[in-house]
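Here is the structure we will look at, set down as structure tokens.
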Amino acid sequence: MVFPSETLFMMLFILAAPTRKQRELELIDAQTRLTTMALRGAATWLASGISIEEAQITLARDIGTIAANATDNQKLKFAHQRESLQRLIDVFVQEAVAFLGEGFDVAEFLNRPNPSVDHRDDEAEGSDDEDPYSPPLDAAFRPEVAMIPLPSYFGAARCKTLGIASLVQQEVVLRDGQANDALHAIRVGLADKAVIFRKTVRSANTQSGTTRAWNQVNVVSKAVALNAKKYAVCRTQLSKLGATELLTKFLPLQKGDLKASSAVADPSARGQRNSTLPWFWSLDVQGDSSDSDWMTECMLPLITFCRLPLTNIHL
């Protein structure tokens, strides 16, 4: 497969973003060199909490896009997923005491819904359902909107009072990787969508072909919307953690940012010279964080895989 030079640059630039798994590995490596046992295992515990949060977002959105006449099989599938999710939450909460200390109150979290992950605050992009299947919280078992005891849900000030400021720093590091992951998935999805429009939708010359093409578009659109929701929740939690530096890098996503552009599929195509892509296509993912204070405080060895400033690239 041959890519235009601009597309190759875009792909290389995306590779520069440190993922959440890479951030977790950096934290674990730093923790193995500590003399105290207090922080060992914290990075893994925090990462599992973020994974649970993402599973909550996914399940809440899946349930929200099913119409009121959902089949018994669909309802049974969601019931099983809720049970599996609750088991993960139970384990996470049990382990929380070791890291949060005696000031942690289980009931404070588990009895409160989490509006951050609830799909009902969204515009339901990619869904045509007018009456989503969404049982009320007081009448259904809904672990997908349960609040979990991550430091970000306490807030930076409360964490300082509890003496767990180091956990705040570590969650910020992991959230940095999470935001990079979400933006990467969004870019890949938008690129796929643009290619489908260019190669499949436009070339479809039968009703069945057109239907299949638009089904592909809808699948990709829903994936993009899901990752946009994960990114939005990530920004919300970064704000609660007081990570103002990262918030100046990870800007809010606008609805127009999630539209596919032909400039992505073929930047050299006629009429694309003056096309402007959203900010996250040229995000300096490493340049803004390599010298940040919170990375230094956490003793993280930053690995520069591919630093390619826009101003120095000549393709």
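Chain labels A, B, ... are given in the sequence in which chains occur in the structure tokens; within each chain residues are numbered consecutively from 1, and ligands are likewise numbered from 1 in the order shown.
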
Enumerate as number ranges by chain all residues of stretch 51-119 of chain A assigned to helix (DSSP H, G or I) by DSSP on the backbone, naming them with the chain letters and numbers the document uses.
-> A: 51-64, 72-100, 106-110, 119

Find the residues near A:Val168: any atom within 8 Å, counting only C-alpha atoms, skip ones fewer than 4 places away on the same chain, and give them as a PyMOL selection string.
-> chain A and resi 151-152+156+159+164+172+241

Determine, counting only C-alpha atoms, which protein, DNA and RNA residues have an atom within 9 Å of an atom of stretch 210-226 of chain A; residues of the same chain fewer than 6 positions away are not included. Present the result as a list in words.
->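 Listed by chain and then number, they are Ile57, Thr58, Arg61, Ala124, Glu125, Gly126, Ser127, Ala185, Ile186, Arg187, Val188, Gly189, Leu190, Asp192, Lys193, Ala194, Ile196, Phe197, Thr200, Val201, Arg202, Ser203, Ala204, Leu258 and Lys259 of chain A.
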
Give me every strand (DSSP E or B) residue in stretch 37-274 of chain A, going by DSSP on the backbone, as a list in words.
->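 Written out, the strand (DSSP E or B) residues of stretch 37-274 of chain A are Ala67, Pro113, Pro132 and Ala146 of chain A.
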
Print the selection's residues with N, CA and C atoms to a file, as a short mmCIF file (atom, residue, chain, number, x, y, z; two decimals), in the first residue's frame.
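Below is the file again30.cif, written as the result:
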```cif
data_model
loop_
_atom_site.label_atom_id
_atom_site.label_comp_id
_atom_site.auth_asym_id
_atom_site.auth_seq_id
_atom_site.Cartn_x
_atom_site.Cartn_y
_atom_site.Cartn_z
N ALA A 67 -32.89 -0.10 21.69
CA ALA A 67 -34.26 0.42 21.78
C ALA A 67 -35.03 -0.27 22.90
N PRO A 113 -24.20 7.55 42.25
CA PRO A 113 -24.02 7.36 40.81
C PRO A 113 -22.93 8.28 40.27
N PRO A 132 -34.04 5.16 23.93
CA PRO A 132 -33.01 4.22 24.35
C PRO A 132 -33.45 3.35 25.51
N ALA A 146 -21.73 3.25 38.56
CA ALA A 146 -21.28 3.32 39.95
C ALA A 146 -19.97 4.09 40.03
#
```

Residue nearest A:Ala43 - candidates A:Ala96, A:Leu253, A:Leu25, A:Leu85, atoms counted: only C-alpha atoms =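 Counting only C-alpha atoms, the residue closest to A:Ala43 is A:Leu25.
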
Near A:Gly177, counting only C-alpha atoms, which residues have an atom at most 6 Å away, once you skip same-chain residues fewer than 5 positions from it, shown as a list in words?
-> Pro18, Thr19 and Arg20 of chain A

Figure out the distance between atom CA of A:Glu144 and atom CA of A:Arg235, please, to one decimal in Å.
-> 19.0 Å
